[in-house]
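Asker: Dropping the structure in here first, questions after.
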Protein chains: 2
Amino acid sequence: MFQSFTTTSDPSTGQARLEAVRARMAAMDIDAFLVPHADAHQNEYLPPHAERLAWLTGFTGSAGLAVILREAAHIFVDGRYTLQVRNQTDTDHFTPQSLTETPPHEWLGNNLEAGTRIGIDPWLHTIAEVRQLEAACGRADATLVRCPINPVDTAWQDAPPPPVTPIRIHPPERAGRSARAKLRDLARTVRDKGASATVLTDPSTICWAFNIRGSDIVHTPLTMAWAIIPARGRPQLFVDPRKHEGNVTAYLEDHADLAAPDAFEAALADLGRNAKKPVMLDTICANAAIAGTIEAAGGITVAGTDPALIPRAIKNRTERKGAIDAQRRDGAAMVTFLAWLDAQDPATLDEIAIVTRLEAIRAETGDRLGMPMREISFDTICGTGPNGAIVHYRVDEKSNRKVTPGDLILIDSGAQYDDGTTDITRVVPTGTPTDTHRRHFTLVLKGMIAISLARFPEGTRGVDLDVLARRALWAEGLDYGHGTGHGVGSYLGVHEGPHTISRRGMTVLKAGMIVSNEPGYYAEGSHGIRIENLVMVEPARVPKGGDVAVHGFTTLTLCPIDRRLIAPKLLERSERRWLNLYHARVRRELSPLIEDRAVLDWLEQATAPVR
Amino acid sequence: MFQSFTTTSDPSTGQARLEAVRARMAAMDIDAFLVPHADAHQNEYLPPHAERLAWLTGFTGSAGLAVILREAAHIFVDGRYTLQVRNQTDTDHFTPQSLTETPPHEWLGNNLEAGTRIGIDPWLHTIAEVRQLEAACGRADATLVRCPINPVDTAWQDAPPPPVTPIRIHPPERAGRSARAKLRDLARTVRDKGASATVLTDPSTICWAFNIRGSDIVHTPLTMAWAIIPARGRPQLFVDPRKHEGNVTAYLEDHADLAAPDAFEAALADLGRNAKKPVMLDTICANAAIAGTIEAAGGITVAGTDPALIPRAIKNRTERKGAIDAQRRDGAAMVTFLAWLDAQDPATLDEIAIVTRLEAIRAETGDRLGMPMREISFDTICGTGPNGAIVHYRVDEKSNRKVTPGDLILIDSGAQYDDGTTDITRVVPTGTPTDTHRRHFTLVLKGMIAISLARFPEGTRGVDLDVLARRALWAEGLDYGHGTGHGVGSYLGVHEGPHTISRRGMTVLKAGMIVSNEPGYYAEGSHGIRIENLVMVEPARVPKGGDVAVHGFTTLTLCPIDRRLIAPKLLERSERRWLNLYHARVRRELSPLIEDRAVLDWLEQATAPVR
């Protein structure tokens, strides 16, 4: 699934806001200021007080950056958002630019006069980004100014406060490994790297390491926090004291020295002053203010990787079982929903009705099966007909579309449960699908099956497998403009790094990693197709005569793939065999979770063999 | 095909040489000295005077590095050479180390005492390598000393002189584009990058840019030279004046200011003193002495890429036609050879006899068809039975093996012609192949066909396709330990970057690039299989209903793939179809080039359809 946006701000107030920011910039003697879509933790979903870009420009996409100059302003977005930015942003005052073709650091290097003073809020840019900006300033003979106060924050007088939600302990029977053991492992990594400490900046890492969860961010059960993990001694955890009390406070104190977030900067300076060895920072995750504070106090920082990334990605036995259970129950919800959908007269449906019904069924099914849905894991995508072809489409009151019989309906959804995070995409026809629908669907399915059937030796990365999902489409001159798969957390982010199956997937796939398998095809103006299962990397049996240990993917997601959309003659025998075995397993594993006779009947026919 | 080695030096003299080098090190006040397998141009095949590592250690592998300490010495080699280094090098004096598991810069950082002075010859290490070494010295508190004189050169008193062979003009009807136009393009790239000049250090680049060839290096028609390409104005070419006279001198003078190689360093210093903008250097190709000389004179260097890499890799129309013609004639030679081989009693054959016969037939066929073979493009590989499983095997008098009926024979060979460079691998059975032979061969063939049939959109890199060649093997728990394909030059290097089909293939595949397609499988102690065709990237027809432009590979190599080794039931219909169409084309295109009736008969049966 893909990142969401919602329309929240009012373009009409744009100019006043821009002028207020410019007034602050003048007072600070800077000629340019950068406003990225980012918070201090580089979260994927921002808390409301960090929606500075949306407040200033109206643009609510998941990636973007504005460059405010004294006389002009530019907004950089990628290809997904070229239309949206023109709808949301006042282009009289903001000139759209391409984030990918002319990245801001290059654009600044080429377009600014010598002597320009470019301001940034160092809390909102990663160390790696600031290095690029500094190099660009070097070329342009400009100066990069780290602003102690963000002029947008000064201008944005009614900004909401940072989120304060209660912290919950994620219990050992869900986490599978104690926080103490995880923190000990992280400290060992810090020692092995010859560092004195590392700073954890990603809330997902901190929640994983301390076995805690929160509700500071929509869809992802995170609490905003900072942590310092020294090579030896007690970790420090910086978290708002209003977020915990009682046994949670005792639990946290058991694992770390606690302090409020406003003590974090002083602690970094202490670290810089006192550390005998370098402090390890993840340059593509930690922000430049953290590095700057340590270095200003006399410390040395060294580039490393968030030491929790790989251990978090490799699910332990408990998390694996949780993931299997969560997908099975989620599959029961999906089957109930799909049976309902098939029973409706399509002409009576619209996208909001479909989304609403699916979310209600997920909640009901979770309650019925004794594991309530905590929340949906992202805004449910329901794209009917041509809306299905808009990869980043999310329905709202304005875009809501009535189903036209004959439409394909693409539904991409998921949920957060205590034992796991789900993410599934299915496409269903209304009326009789056309030959083109069936051809496109089957080509996508062939890619999905190719990943499902893949065997690969130790050391294989996602980039090495991505083509398997595309080969059948490429052979027909078709493709899709997104990766084939992303990592998924264990009751954490539905997008969790570092591994992917994509052009950029340079992380080795290890047993226990969960990843989505979701090729697609999008026929602009007509229909969209995506078929998504979550799969887990597992050792595979070495075939007779083989001399190399191989891994494969075990499919976690259990839900029928619509047989009406399959053109069997396009499937190889091995592909048909995979499909029929999968459907038999879906039926066998889901039937015991379903009580409704009509749903069971639907499941029976939906999983009948394809010949 | 793979890089060659030959045994040339005598281990018994090792200790005396080591002591002579240590005496020089002591006089230079350095505690350690690095001796890499490299020359100042980072050539793949070294000229004899640059074989310092072989002279000092006896080790003649294609990659390696010795670290000479006052009391000890270590030799770093990769997994291919762990056996060979123990055979060739006196391990009483040199401790073998792993080049990949403990790279020298890491090993130095971990094993040397603070204060150690580590000497290097900056002409023999790339800029990137020296950066790594400097970082390691920083960690170990050691000092990296750039030695103005290489202590090995002082100790090696009877070193051969650098090669001096005549330069030949590679005429426009072969090169397809004038040197003037190529040099103008390179200067434009330098300007576009905002640089004042670039330094060309790769003889292959210089030969390509100036449309010249030489014979300074075995198997690759290179002349050793340096060149400076300014953003504006005349290039400078540094080449031994004994290598040219008459019209060649006039030709070179027409394109550049000529000077001897010993004027190169002064020219770099001039560049450093006078350049108004940075000098662009390829950090993984240019050596550190070049950067150091420019910077010592006050110049600034900037990291870039050899601007000829991509234009050299994308063959123009003339080069493409040359490649097609060269492979066709080379195919006629291969067919003549394979027909001869099949007619022999295998028990009478040995590897040297096979290699000798193949090279003789290539020479004869070239002469007969009016385009003489200039030289073989690498030492012919002939591995019979278990020798076929040694990927880097080259036969010599000692290893020469008699064929045992039932052996598979792997033959990997190629030639340099004025119009193109060839590289082909075929495997032939003697006697009746076993089911295992046929199964392994067919699995490799499936990979080779998968690459041949691949279609892929703009922007696809070699890394994105590599798995297609491995999928069938991986599914059976089998693999091969080398890349699937390497770039090939146009009467230049048989290994030519930057593109590959491999885990490391990050270069986008563009129409006009030539690459090998050579999956394999090696059953240790039993047999080796590799099937290699050269293919060229070309735009493919967009299939009906397709909406993305796609490329594919056109196969250049024309030679039957042994039908006796194919298990037809393991082939999909599409694979069988490719094979039969390929064989029909081989027969159609090669028959007109063959006069011998027996060879024509052999070709007829060798290309009969597989059902």
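In the structure tokens, the first chain shown is A, the next is B, and so on; residue numbers restart at 1 for each chain, and ligands run from 1 in the order shown.
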If the cut-off is 8 Å, can you tell me the residues of chain B near chain A, counting only C-alpha atoms? I'd like them as a PyMOL selection string.
Answerer: chain B and resi 454-457+463-468+471+474-479+503+542-550
Asker: Write out as a list in words each polymer residue whose atoms come within 8 Å of Ala584 of chain B, counting only C-alpha atoms; drop sequence neighbours fewer than 2 positions from it.
Answerer: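 The neighbour list is Asn580, Leu581, Tyr582, Val586, Arg587, Arg588, Thr607, Ala608 and Pro609 of chain B.
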Asker: For the residues in the current selection, export N, CA and C atoms as a PDB file, in the first residue's frame.
Answerer:
ATOM      1  N   ASN B 580      15.180 -23.420 -31.128  1.00  0.00           N
ATOM      2  CA  ASN B 580      15.058 -23.874 -32.512  1.00  0.00           C
ATOM      3  C   ASN B 580      15.182 -22.710 -33.495  1.00  0.00           C
ATOM      4  N   LEU B 581      14.648 -21.559 -33.129  1.00  0.00           N
ATOM      5  CA  LEU B 581      14.810 -20.381 -33.988  1.00  0.00           C
ATOM      6  C   LEU B 581      16.274 -19.966 -34.046  1.00  0.00           C
ATOM      7  N   TYR B 582      16.945 -20.041 -32.892  1.00  0.00           N
ATOM      8  CA  TYR B 582      18.366 -19.677 -32.857  1.00  0.00           C
ATOM      9  C   TYR B 582      19.168 -20.618 -33.750  1.00  0.00           C
ATOM     10  N   VAL B 586      21.462 -19.821 -36.927  1.00  0.00           N
ATOM     11  CA  VAL B 586      22.874 -20.194 -36.985  1.00  0.00           C
ATOM     12  C   VAL B 586      23.157 -20.900 -38.312  1.00  0.00           C
ATOM     13  N   ARG B 587      22.311 -21.849 -38.643  1.00  0.00           N
ATOM     14  CA  ARG B 587      22.524 -22.612 -39.882  1.00  0.00           C
ATOM     15  C   ARG B 587      22.442 -21.684 -41.087  1.00  0.00           C
ATOM     16  N   ARG B 588      21.421 -20.849 -41.106  1.00  0.00           N
ATOM     17  CA  ARG B 588      21.200 -19.955 -42.246  1.00  0.00           C
ATOM     18  C   ARG B 588      22.366 -18.985 -42.425  1.00  0.00           C
ATOM     19  N   THR B 607      22.147 -28.361 -35.753  1.00  0.00           N
ATOM     20  CA  THR B 607      21.135 -27.302 -35.630  1.00  0.00           C
ATOM     21  C   THR B 607      19.734 -27.831 -35.940  1.00  0.00           C
ATOM     22  N   ALA B 608      19.593 -29.138 -35.994  1.00  0.00           N
ATOM     23  CA  ALA B 608      18.260 -29.720 -36.214  1.00  0.00           C
ATOM     24  C   ALA B 608      17.365 -29.369 -35.024  1.00  0.00           C
ATOM     25  N   PRO B 609      16.073 -29.220 -35.275  1.00  0.00           N
ATOM     26  CA  PRO B 609      15.181 -28.808 -34.174  1.00  0.00           C
ATOM     27  C   PRO B 609      15.166 -29.804 -33.011  1.00  0.00           C
TER      28      PRO B 609
END
Asker: Using DSSP on the backbone coordinates, identify all residues within segment 171-368 of chain B classified as alpha helix (DSSP H); present the result as a PyMOL selection string.
Answerer: chain B and resi 172-175+179-192+203-210+246-255+264-274+288-296+309-313+317-343+351-368
Asker: Could you name the residues that touch segment 31-40 of chain B at 6 Å or less, counting only C-alpha atoms, but leaving out those on the same chain fewer than 6 positions away, as a VMD selection string?
Answerer: chain B and resid 50 53 63 to 70 117 to 120 123 to 124
Asker: Those residues with C-alpha atoms, as an mmCIF file, in the first residue's frame please?
Answerer:
data_model
loop_
_atom_site.group_PDB
_atom_site.id
_atom_site.type_symbol
_atom_site.label_atom_id
_atom_site.label_comp_id
_atom_site.auth_asym_id
_atom_site.auth_seq_id
_atom_site.Cartn_x
_atom_site.Cartn_y
_atom_site.Cartn_z
ATOM 1 C CA ALA B 50 54.366 -3.888 -13.649
ATOM 2 C CA LEU B 53 53.627 -8.628 -7.010
ATOM 3 C CA ALA B 63 44.045 -9.747 -8.112
ATOM 4 C CA GLY B 64 46.063 -9.510 -4.939
ATOM 5 C CA LEU B 65 48.146 -7.279 -2.703
ATOM 6 C CA ALA B 66 51.134 -7.846 -0.455
ATOM 7 C CA VAL B 67 51.763 -5.952 2.760
ATOM 8 C CA ILE B 68 55.479 -5.969 3.571
ATOM 9 C CA LEU B 69 56.305 -5.262 7.206
ATOM 10 C CA ARG B 70 59.765 -5.119 8.747
ATOM 11 C CA ARG B 117 54.386 4.587 8.743
ATOM 12 C CA ILE B 118 52.675 2.810 5.832
ATOM 13 C CA GLY B 119 54.263 3.408 2.443
ATOM 14 C CA ILE B 120 52.469 3.248 -0.880
ATOM 15 C CA TRP B 123 50.827 5.625 -8.991
ATOM 16 C CA LEU B 124 49.550 2.127 -8.229
#
Asker: Quick one: everything within 10 Å of Lys193 of chain A, counting only C-alpha atoms, minus sequence neighbours fewer than 4 positions away in the same chain. Send it as a ChimeraX atom specification.
Answerer: /A:187-189,197,231,278-280,302,304
Asker: Mind pulling up the distance from atom CA of Gly431 of chain A to atom CA of Gly406 of chain A?
Answerer: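 Here the two named atoms are 4.8 Å from each other.
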Asker: What gap, in Å, lies between atom CA of Asn111 of chain B and atom CA of Lys277 of chain A?
Answerer: 19.0 Å
Asker: Residues within 12 Å of segment 562-564 of chain A, please, as an mmCIF file with C-alpha atoms, in the first residue's frame. Count only C-alpha atoms; anything in the same chain fewer than 6 positions from it doesn't count.
Answerer:
data_model
loop_
_atom_site.group_PDB
_atom_site.id
_atom_site.type_symbol
_atom_site.label_atom_id
_atom_site.label_comp_id
_atom_site.auth_asym_id
_atom_site.auth_seq_id
_atom_site.Cartn_x
_atom_site.Cartn_y
_atom_site.Cartn_z
ATOM 1 C CA VAL A 335 -13.446 -12.972 3.172
ATOM 2 C CA LEU A 338 -15.615 -9.817 -0.134
ATOM 3 C CA ALA A 339 -18.650 -12.085 0.300
ATOM 4 C CA ASP A 342 -20.231 -9.771 -4.118
ATOM 5 C CA LEU A 408 -12.857 -3.234 -11.360
ATOM 6 C CA ILE A 409 -12.598 -2.326 -7.672
ATOM 7 C CA LEU A 410 -9.111 -2.185 -6.149
ATOM 8 C CA THR A 425 -4.702 -5.748 -1.775
ATOM 9 C CA ARG A 426 -7.373 -7.498 -3.808
ATOM 10 C CA VAL A 427 -9.194 -6.532 -6.984
ATOM 11 C CA VAL A 428 -12.760 -7.613 -7.663
ATOM 12 C CA PRO A 429 -14.832 -7.284 -10.821
ATOM 13 C CA THR A 430 -18.382 -6.018 -11.009
ATOM 14 C CA GLY A 431 -20.293 -7.584 -13.830
ATOM 15 C CA THR A 432 -18.336 -9.558 -16.418
ATOM 16 C CA PRO A 433 -14.705 -8.583 -16.692
ATOM 17 C CA THR A 434 -13.365 -7.831 -20.163
ATOM 18 C CA ASP A 435 -10.594 -9.836 -21.843
ATOM 19 C CA HIS A 437 -9.125 -6.924 -17.500
ATOM 20 C CA ARG A 438 -8.385 -10.645 -17.353
ATOM 21 C CA ARG A 439 -5.186 -10.349 -19.357
ATOM 22 C CA PHE A 441 -4.890 -9.248 -13.981
ATOM 23 C CA THR A 442 -3.303 -12.547 -14.991
ATOM 24 C CA LEU A 445 -0.755 -12.505 -10.911
ATOM 25 C CA ILE A 529 -4.770 -3.819 -10.622
ATOM 26 C CA ARG A 530 -2.633 -4.736 -7.650
ATOM 27 C CA ILE A 531 -2.469 -8.103 -5.913
ATOM 28 C CA ARG A 576 -1.720 -22.843 -11.790
ATOM 29 C CA LEU A 579 -2.709 -20.877 -7.193
ATOM 30 C CA ASN A 580 -4.753 -23.993 -6.514
ATOM 31 C CA HIS A 583 -6.613 -21.463 -2.504
ATOM 32 C CA TRP A 602 -18.745 -17.867 -0.904
ATOM 33 C CA LEU A 603 -15.304 -19.028 0.279
ATOM 34 C CA GLU A 604 -15.937 -22.499 -1.128
ATOM 35 C CA GLN A 605 -16.620 -21.244 -4.640
ATOM 36 C CA ALA A 606 -13.962 -18.513 -4.473
ATOM 37 C CA THR A 607 -11.284 -21.106 -3.746
ATOM 38 C CA ALA A 608 -12.369 -23.786 -6.209
ATOM 39 C CA PRO A 609 -9.498 -24.986 -8.395
ATOM 40 C CA VAL A 610 -8.662 -23.127 -11.595
ATOM 41 C CA ARG A 611 -8.080 -25.530 -14.524
#
Asker: When you look at Met371 of chain B with a cut-off of 9 Å (counting only C-alpha atoms), what residues show up, excluding the ones that are within fewer than 3 positions of it in the same chain? I need them as a ChimeraX atom specification.
Answerer: /B:326,329,365-368,374,417-419
Asker: Take the selection from the previous step and output its residues with C-alpha atoms, as a short mmCIF file (atom, residue, chain, number, x, y, z; two decimals), in the first residue's frame.
Answerer:
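Final file, again11.cif:
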data_model
loop_
_atom_site.label_atom_id
_atom_site.label_comp_id
_atom_site.auth_asym_id
_atom_site.auth_seq_id
_atom_site.Cartn_x
_atom_site.Cartn_y
_atom_site.Cartn_z
CA ALA B 326 33.02 -10.56 -36.42
CA ARG B 329 33.00 -15.23 -39.00
CA THR B 365 39.21 -19.08 -40.87
CA GLY B 366 40.05 -15.41 -40.36
CA ASP B 367 42.51 -15.55 -43.25
CA ARG B 368 40.10 -17.49 -45.46
CA ARG B 374 44.77 -10.08 -34.75
CA TYR B 417 39.50 -8.79 -35.20
CA ASP B 418 39.72 -5.31 -36.72
CA ASP B 419 35.93 -5.10 -36.65
#
Asker: Fewer than 6 positions away in the same chain doesn't count, so skip those; otherwise give me all residues within 8 Å of segment 411-413 of chain B, counting only C-alpha atoms, as JSON, numbers by chain.
Answerer: {"B": [1, 376, 377, 378, 379, 380, 381, 382, 383, 422, 423, 424, 425, 426, 427]}
Asker: Restricting it to C-alpha atoms, dump the selection as a PDB file, in the first residue's frame.
Answerer:
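Writing done, so here's result-v1.pdb:
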ATOM      1  CA  MET B   1      35.384 -15.689 -19.866  1.00  0.00           C
ATOM      2  CA  ILE B 376      43.133 -14.283 -29.290  1.00  0.00           C
ATOM      3  CA  SER B 377      41.136 -12.062 -26.933  1.00  0.00           C
ATOM      4  CA  PHE B 378      42.240 -14.036 -23.837  1.00  0.00           C
ATOM      5  CA  ASP B 379      44.042 -17.283 -23.072  1.00  0.00           C
ATOM      6  CA  THR B 380      41.737 -19.995 -24.399  1.00  0.00           C
ATOM      7  CA  ILE B 381      40.102 -21.999 -21.643  1.00  0.00           C
ATOM      8  CA  CYS B 382      39.720 -25.723 -22.211  1.00  0.00           C
ATOM      9  CA  GLY B 383      38.638 -27.612 -19.108  1.00  0.00           C
ATOM     10  CA  THR B 422      34.570 -12.121 -29.680  1.00  0.00           C
ATOM     11  CA  ASP B 423      34.017 -14.303 -26.603  1.00  0.00           C
ATOM     12  CA  ILE B 424      32.125 -17.595 -26.710  1.00  0.00           C
ATOM     13  CA  THR B 425      31.769 -20.629 -24.444  1.00  0.00           C
ATOM     14  CA  ARG B 426      30.445 -24.010 -25.491  1.00  0.00           C
ATOM     15  CA  VAL B 427      30.406 -27.376 -23.751  1.00  0.00           C
TER      16      VAL B 427
END
Asker: Among segment 267-300 of chain A, which residues carry a DSSP assignment of strand (DSSP E or B), reported as a list in words?
Answerer: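 Of segment 267-300 of chain A, the ones in strand (DSSP E or B) are Val279, Met280, Leu281, Asp282 and Asn287 of chain A.
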